[in-house]
$ cat final_8.txt   # compact mmCIF, C-alpha atoms
# COMPACT_ATOMS: atom_id res chain seq x y z
CA MET A 1 43.50 -47.26 21.87
CA PRO A 2 42.32 -44.89 24.64
CA LEU A 3 44.47 -41.89 23.68
CA ARG A 4 43.42 -42.06 20.03
CA PHE A 5 39.79 -42.29 21.16
CA PHE A 6 40.16 -39.16 23.31
CA TYR A 7 41.99 -37.38 20.50
CA ASN A 8 39.13 -38.08 18.09
CA ILE A 9 36.60 -36.86 20.64
CA LEU A 10 38.58 -33.63 21.11
CA ILE A 11 38.82 -33.04 17.35
CA SER A 12 35.06 -33.53 16.98
CA LEU A 13 34.35 -31.16 19.88
CA ALA A 14 36.72 -28.58 18.42
CA TRP A 15 34.95 -28.76 15.07
CA PHE A 16 31.55 -28.33 16.69
CA THR A 17 32.82 -25.35 18.70
CA LEU A 18 34.33 -23.72 15.63
CA LYS A 19 31.04 -24.02 13.75
CA VAL A 20 29.32 -22.15 16.58
CA ILE A 21 31.99 -19.45 16.76
CA ALA A 22 31.80 -19.09 12.96
CA LEU A 23 28.35 -17.59 13.35
CA PHE A 24 29.96 -14.53 14.96
CA ARG A 25 33.55 -14.41 13.65
CA PRO A 26 34.15 -13.87 9.90
CA LYS A 27 37.62 -15.43 9.89
CA ILE A 28 36.39 -18.57 11.64
CA ASP A 29 33.50 -18.67 9.19
CA LEU A 30 36.05 -18.86 6.37
CA PHE A 31 37.76 -21.71 8.24
CA VAL A 32 34.48 -23.62 8.51
CA SER A 33 32.68 -22.76 5.26
CA GLY A 34 35.81 -23.19 3.15
CA ARG A 35 36.07 -26.81 4.21
CA LYS A 36 32.62 -27.52 2.78
CA ASN A 37 34.17 -27.12 -0.67
CA THR A 38 37.14 -29.43 -0.21
CA PHE A 39 35.65 -32.71 -1.37
CA PRO A 40 33.67 -31.18 -4.28
CA LEU A 41 36.85 -29.41 -5.45
CA LEU A 42 38.81 -32.64 -5.30
CA ASP A 43 36.13 -34.34 -7.40
CA GLU A 44 36.08 -31.48 -9.87
CA LYS A 45 39.75 -30.61 -10.26
CA LEU A 46 41.84 -33.68 -9.49
CA SER A 47 42.39 -35.86 -12.53
CA ARG A 48 41.94 -39.58 -11.89
CA SER A 49 44.23 -40.34 -14.81
CA LYS A 50 47.21 -38.52 -13.28
CA LYS A 51 49.43 -39.36 -10.31
CA THR A 52 49.33 -36.96 -7.36
CA ILE A 53 51.91 -35.38 -5.05
CA TRP A 54 50.39 -33.83 -1.94
CA MET A 55 51.87 -31.03 0.17
CA HIS A 56 50.21 -29.74 3.32
CA VAL A 57 51.02 -26.40 5.00
CA ALA A 58 49.47 -24.60 7.92
CA SER A 59 49.44 -21.04 6.63
CA LEU A 60 51.30 -18.43 4.60
CA GLY A 61 54.67 -18.78 6.31
CA GLU A 62 54.74 -22.53 5.79
CA TYR A 63 53.63 -22.04 2.20
CA GLU A 64 56.72 -19.88 1.63
CA GLN A 65 58.82 -22.71 3.06
CA GLY A 66 57.15 -25.30 0.88
CA LEU A 67 57.12 -23.27 -2.33
CA PRO A 68 60.73 -23.96 -3.43
CA ILE A 69 60.07 -27.68 -3.03
CA LEU A 70 56.80 -27.44 -4.97
CA GLU A 71 58.62 -25.67 -7.79
CA GLY A 72 61.31 -28.37 -7.81
CA LEU A 73 58.75 -31.17 -7.79
CA ARG A 74 56.89 -29.53 -10.65
CA GLN A 75 60.09 -29.54 -12.68
CA ASN A 76 61.23 -33.03 -11.67
CA TYR A 77 57.87 -34.79 -11.95
CA PRO A 78 55.95 -33.02 -14.74
CA GLU A 79 53.64 -36.02 -15.21
CA HIS A 80 52.29 -35.64 -11.64
CA GLN A 81 49.61 -33.23 -10.51
CA ILE A 82 50.27 -31.28 -7.31
CA LEU A 83 47.70 -30.98 -4.55
CA LEU A 84 48.25 -28.26 -1.94
CA THR A 85 46.24 -28.06 1.28
CA PHE A 86 46.06 -25.30 3.88
CA PHE A 87 44.88 -25.41 7.47
CA SER A 88 44.43 -21.67 7.99
CA PRO A 89 42.31 -19.11 6.09
CA SER A 90 45.17 -16.59 6.30
CA GLY A 91 47.13 -18.86 3.99
CA TYR A 92 44.40 -20.34 1.82
CA GLU A 93 42.55 -17.10 1.06
CA VAL A 94 45.77 -15.45 -0.15
CA LYS A 95 47.17 -18.39 -2.14
CA LYS A 96 44.10 -20.31 -3.32
CA ASN A 97 44.82 -19.24 -6.91
CA THR A 98 48.54 -19.97 -6.89
CA THR A 99 49.91 -21.65 -9.99
CA ALA A 100 52.42 -23.57 -7.86
CA ALA A 101 49.81 -26.33 -7.47
CA ASP A 102 47.13 -27.81 -9.70
CA VAL A 103 44.54 -28.00 -6.91
CA VAL A 104 44.43 -25.91 -3.71
CA VAL A 105 41.95 -26.73 -0.91
CA TYR A 106 41.48 -26.57 2.84
CA LEU A 107 42.50 -29.70 4.72
CA PRO A 108 39.40 -31.15 6.42
CA MET A 109 39.62 -31.55 10.19
CA ASP A 110 41.67 -34.53 11.33
CA THR A 111 38.87 -36.98 11.99
CA LEU A 112 39.30 -40.60 10.97
CA SER A 113 36.42 -40.43 8.50
CA ASN A 114 37.77 -37.23 6.90
CA ALA A 115 41.26 -38.69 6.60
CA LYS A 116 39.98 -41.83 4.88
CA ARG A 117 37.67 -39.92 2.54
CA PHE A 118 40.31 -37.32 1.68
CA LEU A 119 42.95 -39.92 0.86
CA GLU A 120 40.48 -41.97 -1.17
CA LYS A 121 39.87 -38.94 -3.37
CA ALA A 122 43.40 -37.53 -3.42
CA ASN A 123 45.18 -40.88 -3.70
CA PRO A 124 48.66 -39.32 -3.30
CA GLU A 125 51.84 -41.22 -4.14
CA LEU A 126 54.00 -38.87 -2.08
CA ALA A 127 53.06 -36.64 0.88
CA ILE A 128 55.03 -33.71 2.29
CA PHE A 129 54.13 -31.89 5.49
CA VAL A 130 55.81 -28.57 6.35
CA LYS A 131 57.32 -27.51 9.68
CA TYR A 132 54.84 -28.23 12.50
CA GLU A 133 51.93 -30.02 10.84
CA ILE A 134 51.39 -33.34 12.64
CA TRP A 135 47.88 -34.76 12.18
CA PRO A 136 47.64 -38.30 13.62
CA ASN A 137 44.69 -39.62 11.61
CA TYR A 138 46.01 -38.42 8.27
CA LEU A 139 49.48 -39.72 9.05
CA SER A 140 48.15 -43.08 10.21
CA GLU A 141 46.11 -43.52 7.05
CA LEU A 142 49.07 -42.53 4.87
CA LYS A 143 51.15 -45.16 6.64
CA LYS A 144 48.48 -47.82 6.04
CA ARG A 145 48.51 -46.95 2.35
CA ASN A 146 52.33 -47.13 2.21
CA VAL A 147 52.56 -43.53 0.99
CA PRO A 148 56.11 -42.13 1.56
CA THR A 149 55.61 -39.14 3.86
CA PHE A 150 58.14 -36.46 4.80
CA LEU A 151 58.35 -33.55 7.22
CA VAL A 152 60.41 -30.65 5.85
CA SER A 153 61.81 -27.43 7.36
CA ALA A 154 60.83 -28.90 10.72
CA LEU A 155 61.60 -27.29 14.07
CA PHE A 156 61.34 -29.11 17.38
CA SER A 157 61.67 -27.80 20.92
CA LYS A 158 61.81 -29.52 24.29
CA ARG A 159 58.48 -28.04 25.36
CA GLN A 160 56.57 -29.97 22.67
CA ILE A 161 54.45 -32.96 23.64
CA TYR A 162 56.63 -35.44 21.73
CA PHE A 163 59.34 -35.09 24.37
CA LYS A 164 57.07 -35.40 27.41
CA VAL A 165 56.41 -38.56 29.44
CA PHE A 166 52.75 -38.48 28.35
CA GLY A 167 53.56 -37.87 24.67
CA GLY A 168 53.53 -41.47 23.47
CA PHE A 169 50.49 -41.06 21.22
CA MET A 170 52.03 -38.15 19.33
CA ARG A 171 55.42 -39.85 19.18
CA LYS A 172 53.70 -42.72 17.41
CA SER A 173 52.48 -40.23 14.80
CA LEU A 174 56.07 -39.13 14.21
CA ARG A 175 56.96 -42.73 13.36
CA THR A 176 54.83 -42.51 10.24
CA PHE A 177 57.36 -40.19 8.56
CA ALA A 178 59.90 -41.76 6.26
CA HIS A 179 62.35 -38.93 6.94
CA PHE A 180 62.66 -35.63 8.80
CA PHE A 181 64.41 -32.61 7.31
CA VAL A 182 65.02 -30.26 10.23
CA GLN A 183 66.25 -26.70 10.44
CA ASP A 184 68.86 -27.06 13.19
CA SER A 185 71.00 -29.40 15.28
CA ASN A 186 68.80 -28.96 18.35
CA SER A 187 65.83 -30.47 16.47
CA LYS A 188 67.96 -33.39 15.31
CA GLU A 189 69.24 -34.07 18.82
CA LEU A 190 65.72 -33.98 20.26
CA LEU A 191 64.45 -36.49 17.71
CA GLU A 192 67.44 -38.72 18.33
CA SER A 193 66.73 -38.59 22.07
CA ILE A 194 63.41 -40.38 21.46
CA GLY A 195 64.80 -42.94 19.07
CA PHE A 196 64.73 -41.39 15.60
CA SER A 197 67.71 -41.76 13.30
CA ASN A 198 66.02 -40.83 10.00
CA VAL A 199 66.85 -37.16 10.44
CA THR A 200 68.81 -34.73 8.26
CA ILE A 201 69.74 -31.15 9.09
CA SER A 202 68.75 -29.38 5.90
CA GLY A 203 68.14 -25.84 7.10
CA ASP A 204 65.17 -23.71 6.13
CA THR A 205 63.91 -23.78 2.54
CA ARG A 206 62.80 -20.15 2.86
CA PHE A 207 66.42 -19.07 2.37
CA ASP A 208 66.28 -20.60 -1.11
CA ARG A 209 62.98 -18.89 -1.71
CA VAL A 210 64.14 -15.40 -0.74
CA SER A 211 67.54 -15.72 -2.43
CA LYS A 212 65.71 -16.09 -5.75
CA ILE A 213 64.03 -12.73 -5.15
CA LEU A 214 67.27 -11.03 -6.12
CA MET A 215 67.17 -12.70 -9.54
CA GLN A 216 63.73 -11.37 -10.49
CA ASP A 217 62.83 -7.97 -11.89
CA ASN A 218 61.94 -5.95 -8.78
CA ARG A 219 61.49 -2.62 -10.46
CA LEU A 220 58.27 -0.72 -9.66
CA ASP A 221 57.62 2.48 -11.54
CA PHE A 222 55.53 4.03 -8.77
CA MET A 223 58.29 3.36 -6.23
CA GLU A 224 60.88 4.95 -8.51
CA ARG A 225 58.75 8.06 -8.68
CA PHE A 226 57.88 8.10 -4.98
CA LYS A 227 61.39 7.49 -3.60
CA ASP A 228 63.02 9.90 -6.04
CA GLY A 229 66.50 8.97 -4.84
CA ARG A 230 65.86 9.79 -1.18
CA PHE A 231 66.25 7.80 2.04
CA CYS A 232 63.30 5.42 2.45
CA LEU A 233 61.92 3.32 5.29
CA VAL A 234 59.58 0.51 4.19
CA ALA A 235 57.33 -0.81 6.96
CA GLY A 236 55.78 -4.13 5.97
CA SER A 237 52.95 -6.19 7.48
CA THR A 238 52.35 -3.63 10.21
CA TRP A 239 49.75 -3.84 12.96
CA PRO A 240 48.29 -0.91 14.93
CA GLU A 241 50.92 -1.27 17.67
CA ASP A 242 53.68 -0.90 15.07
CA GLU A 243 51.91 1.92 13.28
CA GLU A 244 51.60 4.03 16.43
CA ILE A 245 55.38 4.08 16.83
CA LEU A 246 56.00 4.77 13.16
CA ILE A 247 53.41 7.55 12.98
CA ARG A 248 54.79 9.29 16.08
CA TYR A 249 58.29 9.24 14.63
CA ILE A 250 57.15 10.57 11.25
CA ASN A 251 55.14 13.38 12.83
CA ARG A 252 57.74 14.44 15.44
CA SER A 253 61.13 13.69 14.00
CA ALA A 254 61.18 13.07 10.30
CA ASP A 255 62.40 15.80 7.98
CA GLY A 256 60.57 16.51 4.77
CA GLU A 257 63.13 14.64 2.69
CA THR A 258 62.81 11.15 4.20
CA LYS A 259 60.31 8.82 2.57
CA PHE A 260 58.09 6.29 4.35
CA VAL A 261 56.09 3.38 2.99
CA PHE A 262 53.38 1.57 4.97
CA ALA A 263 52.27 -1.84 3.75
CA PRO A 264 49.85 -2.70 6.56
CA HIS A 265 48.71 -6.23 7.38
CA GLU A 266 45.12 -4.99 7.35
CA ILE A 267 44.24 -3.10 4.15
CA LYS A 268 40.54 -2.48 4.71
CA PRO A 269 39.65 1.15 3.90
CA ALA A 270 38.71 1.97 7.51
CA HIS A 271 42.11 0.90 8.78
CA VAL A 272 43.99 2.68 6.02
CA GLN A 273 41.99 5.81 6.76
CA LYS A 274 42.98 5.59 10.43
CA ILE A 275 46.65 5.55 9.44
CA GLU A 276 46.11 8.55 7.19
CA GLU A 277 44.30 10.48 9.91
CA GLY A 278 47.20 9.95 12.30
CA LEU A 279 49.81 11.28 9.89
CA GLN A 280 50.71 14.95 9.65
CA ARG A 281 52.81 14.53 6.52
CA LYS A 282 51.70 14.54 2.92
CA THR A 283 50.30 11.04 2.34
CA VAL A 284 49.01 9.11 -0.67
CA ARG A 285 47.41 5.70 -1.06
CA PHE A 286 48.53 3.30 -3.77
CA SER A 287 44.89 2.86 -4.81
CA GLN A 288 44.43 6.61 -5.26
CA MET A 289 47.75 7.73 -6.69
CA ASP A 290 46.48 7.98 -10.31
CA GLU A 291 48.63 10.55 -12.09
CA LYS A 292 49.79 12.33 -8.95
CA ASN A 293 53.37 13.57 -8.68
CA LEU A 294 54.48 10.94 -6.18
CA SER A 295 57.79 12.62 -5.43
CA ASP A 296 55.84 15.38 -3.67
CA PHE A 297 54.54 12.97 -1.01
CA ASN A 298 56.31 11.92 2.19
CA VAL A 299 54.27 8.79 2.95
CA LEU A 300 52.89 6.10 0.65
CA ILE A 301 50.37 3.55 1.92
CA VAL A 302 50.35 0.37 -0.15
CA ASP A 303 46.72 -0.70 0.29
CA THR A 304 46.94 -3.82 -1.87
CA ILE A 305 48.58 -7.22 -1.60
CA GLY A 306 51.29 -8.88 -3.65
CA LEU A 307 53.74 -5.97 -3.98
CA LEU A 308 55.59 -5.94 -0.66
CA THR A 309 58.48 -8.18 -1.74
CA LYS A 310 59.35 -5.78 -4.56
CA VAL A 311 58.67 -2.67 -2.49
CA TYR A 312 61.29 -3.86 0.01
CA SER A 313 63.91 -3.53 -2.74
CA TYR A 314 63.56 0.26 -2.42
CA ALA A 315 64.17 0.30 1.34
CA ASP A 316 67.23 1.79 2.97
CA VAL A 317 65.82 0.48 6.25
CA ALA A 318 62.96 -1.98 6.70
CA TYR A 319 60.53 -2.38 9.57
CA VAL A 320 58.74 -5.73 9.84
CA GLY A 321 55.50 -5.73 11.81
CA GLY A 322 53.89 -8.19 14.19
CA GLY A 323 56.51 -8.13 16.94
CA PHE A 324 54.22 -6.08 19.17
CA ALA A 325 51.07 -8.00 18.25
CA THR A 326 50.14 -11.47 17.01
CA GLY A 327 53.57 -12.64 15.88
CA LEU A 328 56.46 -11.42 13.78
CA HIS A 329 56.09 -11.48 10.01
CA ASN A 330 58.73 -12.43 7.44
CA THR A 331 62.09 -10.77 8.15
CA LEU A 332 63.96 -12.61 5.40
CA GLU A 333 62.21 -10.82 2.53
CA PRO A 334 63.68 -7.40 3.37
CA ALA A 335 66.93 -8.86 4.79
CA VAL A 336 67.84 -10.42 1.43
CA TYR A 337 68.27 -6.91 0.00
CA GLY A 338 71.06 -6.19 2.48
CA VAL A 339 69.30 -3.55 4.56
CA PRO A 340 68.89 -3.22 8.35
CA VAL A 341 65.62 -4.65 9.66
CA ILE A 342 63.83 -3.26 12.74
CA ILE A 343 61.28 -5.41 14.60
CA GLY A 344 59.21 -5.45 17.77
CA PRO A 345 60.22 -7.33 20.94
CA ASP A 346 58.42 -10.65 20.36
CA TYR A 347 60.63 -12.63 17.99
CA GLN A 348 61.85 -15.61 20.03
CA LYS A 349 59.73 -18.16 18.13
CA PHE A 350 61.49 -17.37 14.86
CA LYS A 351 64.90 -18.94 14.43
CA GLU A 352 66.07 -16.66 11.63
CA ALA A 353 65.08 -13.57 13.61
CA LYS A 354 66.88 -14.84 16.70
CA ASP A 355 69.99 -15.59 14.65
CA LEU A 356 70.03 -12.16 13.04
CA VAL A 357 69.36 -10.35 16.31
CA GLU A 358 72.42 -12.10 17.74
CA LYS A 359 74.48 -11.13 14.69
CA GLY A 360 73.24 -7.53 14.73
CA GLY A 361 71.44 -7.32 11.38
CA VAL A 362 67.91 -7.41 12.80
CA LEU A 363 67.32 -4.91 15.58
CA PRO A 364 64.50 -5.34 18.12
CA ILE A 365 62.86 -2.40 19.84
CA SER A 366 60.50 -2.31 22.79
CA ASP A 367 59.40 1.33 22.74
CA GLN A 368 59.37 4.64 20.91
CA ILE A 369 62.80 5.70 22.11
CA GLY A 370 64.37 2.55 20.73
CA PHE A 371 62.89 3.12 17.28
CA ASP A 372 63.75 6.83 17.20
CA THR A 373 67.36 6.13 18.20
CA LEU A 374 67.86 3.52 15.48
CA MET A 375 66.31 5.66 12.78
CA ASP A 376 68.38 8.70 13.74
CA THR A 377 71.52 6.54 13.65
CA PHE A 378 70.83 5.13 10.20
CA LEU A 379 69.92 8.52 8.79
CA THR A 380 73.20 10.07 9.93
CA ASP A 381 75.67 7.16 9.81
CA PRO A 382 75.93 5.54 6.35
CA ILE A 383 78.74 3.23 7.51
CA SER A 384 76.53 1.75 10.22
CA LEU A 385 73.68 1.46 7.72
CA GLU A 386 75.81 -0.49 5.24
CA LYS A 387 77.50 -2.69 7.87
CA THR A 388 74.19 -3.70 9.47
CA GLY A 389 72.55 -4.49 6.15
CA LYS A 390 75.50 -6.58 4.99
CA ILE A 391 75.08 -8.89 7.99
CA ASN A 392 71.60 -9.79 6.72
CA SER A 393 72.50 -10.48 3.11
CA GLU A 394 75.53 -12.61 4.07
CA TYR A 395 73.48 -14.63 6.55
CA ILE A 396 70.95 -15.55 3.87
CA GLN A 397 73.55 -16.50 1.29
CA THR A 398 75.34 -18.80 3.74
CA ASN A 399 72.09 -20.64 4.52
CA VAL A 400 70.83 -21.55 1.05
CA GLY A 401 70.74 -25.15 -0.18
CA ALA A 402 67.95 -26.86 1.77
CA THR A 403 65.73 -27.31 -1.27
CA ASP A 404 68.35 -29.11 -3.36
CA LEU A 405 69.21 -31.39 -0.45
CA ILE A 406 65.55 -32.37 0.03
CA LEU A 407 64.83 -32.80 -3.67
CA ASN A 408 67.93 -34.96 -4.10
CA HIS A 409 66.70 -37.21 -1.30
CA LEU A 410 63.19 -37.40 -2.79
CA SER A 411 64.66 -38.39 -6.15
CA LEU A 412 65.84 -41.61 -4.50
CA VAL A 413 62.37 -42.45 -3.16
CA LYS A 414 60.43 -44.98 -5.16
CA PHE A 415 56.91 -43.73 -5.83
CA GLY A 416 54.70 -43.41 -8.82
$ encode --input "final_8.txt" --output "structure tokens"
Amino acid sequence: MPLRFFYNILISLAWFTLKVIALFRPKIDLFVSGRKNTFPLLDEKLSRSKKTIWMHVASLGEYEQGLPILEGLRQNYPEHQILLTFFSPSGYEVKKNTTAADVVVYLPMDTLSNAKRFLEKANPELAIFVKYEIWPNYLSELKKRNVPTFLVSALFSKRQIYFKVFGGFMRKSLRTFAHFFVQDSNSKELLESIGFSNVTISGDTRFDRVSKILMQDNRLDFMERFKDGRFCLVAGSTWPEDEEILIRYINRSADGETKFVFAPHEIKPAHVQKIEEGLQRKTVRFSQMDEKNLSDFNVLIVDTIGLLTKVYSYADVAYVGGGFATGLHNTLEPAVYGVPVIIGPDYQKFKEAKDLVEKGGVLPISDQIGFDTLMDTFLTDPISLEKTGKINSEYIQTNVGATDLILNHLSLVKFG
């Protein structure tokens, strides 16, 4: 077929180009070099005597969506081993040691030879793809092997190629899925418009994921000592554009009583030092706090990973970064605690952020004045603070249930 031929040529060209770029870009080098280990890791870690369930995610956000399903599958099918693949280094490098799966590897590029070799080694009895991941060669080979394949927490929009006149090749790839679990009615209607009836509106599994956060022990001794009962803003996954606004507010407007926590996206020492140099308030790093009296400090920089979810539990107001830069980070993690969430202006690609902006629980800003105004309001108006935060917690609780719906459907599928 001509379109499949051109697709395979493009994938091969993309892989060649990435290998060249990898010589100069460390992140791309991870993308390329990490894939050299995929097949050896499958040989080493996948047991031939056990049945396999395979989940594929693009990156960290999709992993968070898939995690509740992985946990449910682990419980429901304890005799199966779970294989988890990532497309992006930003997901794999953070979660390569997760205990949610038995084997975690990069997904090789979607060439026909890679797809055949990967599936020969993995030999999955069930395959689950999360949100946007549509890889024609892998899906075609899964179909040939009669492996039940599902797309979960999916979102579709009219601008995607599936709904264009020239999108026949990619529409054919969609036909390999046994069922679609989509986040909203718009996605369902779009799929129905091109002939799909195997569609269920399940919602987003991340709501189930974040709702469980409230059930865990979120206490952090260092945060107890740092906050010391005072008003606290937690700024998570911040980029330089976010940090400029936050630093200016802290230096110009903040009194000595208000506490601020930075958990930057980039935690390399040079970047953390730049944040410190911009601040005119007493600042301490997590990695250097030792036996310091943390209550004496105005700003804490969390220069490590894995703590942000719990740190958010100490926020009176949260700021989520990325809305001025590469893309908004997770707003649900702070929202579940029932606090107002401030973000940058670029949030339209994120359904939950759009929903909460409309409801008034997540508040976008476009400049310094916008941030200063919101902070001054929340510092002086406890009623507004409580009302805004309540919108977020109620929204999350009314949207749980996607995981159970999907797992119940999978329990009816014959595999293994």
$ atom_distance --input "final_8.txt" --atom1 "atom CA of Leu83 of chain A" --atom2 "atom CA of Arg175 of chain A"
23.3 Å
$ residues_around --input "final_8.txt" --residues "segment 255-264 of chain A" --least-positions-apart "4" --cutoff "10 Å" --atoms "all atoms listed in the file" --output "ChimeraX atom specification"
/A:223,226-240,242-243,246-247,250-251,268,271-272,275,281-286,295-305,307-308,311-312,314-321,379
$ residues_around --input "final_8.txt" --residues "segment 105-121 of chain A" --least-positions-apart "5" --cutoff "6 Å" --atoms "all atoms listed in the file" --output "VMD selection string"
chain A and resid 35 38 85 to 87 137 to 138
$ residues_around --input "final_8.txt" --residues "segment 44-50 of chain A" --least-positions-apart "3" --cutoff "9 Å" --atoms "all atoms listed in the file" --output "number ranges by chain"
A: 39-41, 79-81, 83, 102-103, 121-123
$ closest_atom_pairs --input "final_8.txt" --of "segment 24-141 of chain A" --to "segment 194-207 of chain A" --cutoff "8 Å" --atoms "all atoms listed in the file" --output "tab-separated table"
residue	atom	partner	partner_atom	distance
A:Glu64	CA	A:Arg206	CA	6.2
A:Gln65	CA	A:Arg206	CA	4.7
A:Gly66	CA	A:Thr205	CA	7.1
A:Pro68	CA	A:Thr205	CA	6.8
A:Ile69	CA	A:Thr205	CA	7.8
$ write_last_selection --input "final_8.txt" --atoms "C-alpha atoms" --output "PDB file, in the frame of the given file"
ATOM      1  CA  GLU A  64      56.720 -19.880   1.630  1.00  0.00           C
ATOM      2  CA  GLN A  65      58.820 -22.710   3.060  1.00  0.00           C
ATOM      3  CA  GLY A  66      57.150 -25.300   0.880  1.00  0.00           C
ATOM      4  CA  PRO A  68      60.730 -23.960  -3.430  1.00  0.00           C
ATOM      5  CA  ILE A  69      60.070 -27.680  -3.030  1.00  0.00           C
TER       6      ILE A  69
END
$ closest_residue --input "final_8.txt" --among "A:Ser153, A:Thr98, A:Thr380, A:Asn76" --to "Asp184 of chain A" --atoms "all atoms listed in the file"
A:Ser153
$ atom_distance --input "final_8.txt" --atom1 "atom CA of Thr326 of chain A" --atom2 "atom CA of Ser33 of chain A"
23.9 Å
$ closest_atom_pairs --input "final_8.txt" --of "segment 243-273 of chain A" --to "segment 362-374 of chain A" --cutoff "10 Å" --atoms "all atoms listed in the file" --output "CSV"
residue,atom,partner,partner_atom,distance
A:Glu244,CA,A:Gln368,CA,9.0
A:Ile245,CA,A:Gln368,CA,5.7
A:Leu246,CA,A:Phe371,CA,8.2
A:Arg248,CA,A:Gln368,CA,8.1
A:Tyr249,CA,A:Asp372,CA,6.5
A:Ile250,CA,A:Asp372,CA,9.6
A:Arg252,CA,A:Asp372,CA,9.9
A:Ser253,CA,A:Asp372,CA,8.0
A:Ala254,CA,A:Asp372,CA,9.7
$ closest_residue --input "final_8.txt" --among "A:Gln75, A:Thr149, A:Ser393, A:Gln183" --to "Glu333 of chain A" --atoms "only C-alpha atoms"
A:Ser393
$ closest_residue --input "final_8.txt" --among "A:Trp54, A:Phe150, A:Phe16, A:Tyr395" --to "Lys359 of chain A" --atoms "only C-alpha atoms"
A:Tyr395
$ residues_near_point --input "final_8.txt" --point "(49.4, -22.2, -7.0)" --cutoff "10 Å" --atoms "only C-alpha atoms" --output "list in words"
Leu67, Leu70, Glu71, Ile82, Leu83, Leu84, Lys95, Lys96, Asn97, Thr98, Thr99, Ala100, Ala101, Asp102, Val103 and Val104 of chain A
$ residues_around --input "final_8.txt" --residues "Leu155 of chain A" --least-positions-apart "6" --cutoff "12 Å" --atoms "only C-alpha atoms" --output "list in words"
Glu62, Val130, Lys131, Tyr132, Glu133, Ile134, Phe180, Phe181, Val182, Gln183, Asp184, Ser185, Asn186, Ser187, Lys188, Glu189, Leu190, Leu191, Val199, Thr200, Ile201, Ser202, Gly203, Asp204, Lys349, Phe350, Lys351 and Glu352 of chain A
$ closest_residue --input "final_8.txt" --among "A:Tyr63, A:Met55, A:Phe324, A:Leu142" --to "Phe129 of chain A" --atoms "all atoms listed in the file"
A:Met55
$ closest_residue --input "final_8.txt" --among "A:Lys164, A:Leu328, A:Phe169, A:His409" --to "Ser193 of chain A" --atoms "only C-alpha atoms"
A:Lys164
$ atom_distance --input "final_8.txt" --atom1 "atom CA of Ser384 of chain A" --atom2 "atom CA of Arg219 of chain A"
25.9 Å
$ closest_residue --input "final_8.txt" --among "A:Ala22, A:Leu73, A:Val32, A:Ile267" --to "Ile406 of chain A" --atoms "all atoms listed in the file"
A:Leu73
$ decode --input "final_8.txt" --residues "segment 117-126 of chain A" --atoms "N, CA, C and O atoms" --output "short mmCIF file (atom, residue, chain, number, x, y, z; two decimals), in the first residue's frame"
data_model
loop_
_atom_site.label_atom_id
_atom_site.label_comp_id
_atom_site.auth_asym_id
_atom_site.auth_seq_id
_atom_site.Cartn_x
_atom_site.Cartn_y
_atom_site.Cartn_z
N ARG A 117 9.72 -7.90 15.66
CA ARG A 117 10.71 -8.42 16.62
C ARG A 117 10.25 -8.18 18.05
O ARG A 117 10.37 -9.06 18.91
N PHE A 118 9.72 -6.98 18.32
CA PHE A 118 9.26 -6.65 19.67
C PHE A 118 8.15 -7.61 20.10
O PHE A 118 8.17 -8.14 21.22
N LEU A 119 7.17 -7.82 19.24
CA LEU A 119 6.04 -8.66 19.60
C LEU A 119 6.43 -10.14 19.68
O LEU A 119 5.82 -10.90 20.45
N GLU A 120 7.42 -10.55 18.93
CA GLU A 120 7.93 -11.91 19.07
C GLU A 120 8.49 -12.13 20.47
O GLU A 120 8.26 -13.16 21.09
N LYS A 121 9.22 -11.14 20.96
CA LYS A 121 9.85 -11.26 22.27
C LYS A 121 8.85 -11.02 23.41
O LYS A 121 8.86 -11.73 24.42
N ALA A 122 7.99 -10.02 23.24
CA ALA A 122 7.06 -9.68 24.31
C ALA A 122 5.89 -10.65 24.38
O ALA A 122 5.41 -10.98 25.47
N ASN A 123 5.40 -11.06 23.22
CA ASN A 123 4.30 -12.02 23.12
C ASN A 123 3.14 -11.67 24.06
O ASN A 123 2.69 -12.49 24.88
N PRO A 124 2.60 -10.44 23.97
CA PRO A 124 1.53 -10.04 24.90
C PRO A 124 0.21 -10.72 24.59
O PRO A 124 -0.08 -11.05 23.43
N GLU A 125 -0.59 -10.93 25.63
CA GLU A 125 -1.94 -11.46 25.45
C GLU A 125 -2.98 -10.37 25.51
O GLU A 125 -4.14 -10.59 25.16
N LEU A 126 -2.57 -9.20 25.98
CA LEU A 126 -3.45 -8.03 26.04
C LEU A 126 -2.56 -6.80 25.88
O LEU A 126 -1.47 -6.75 26.44
#
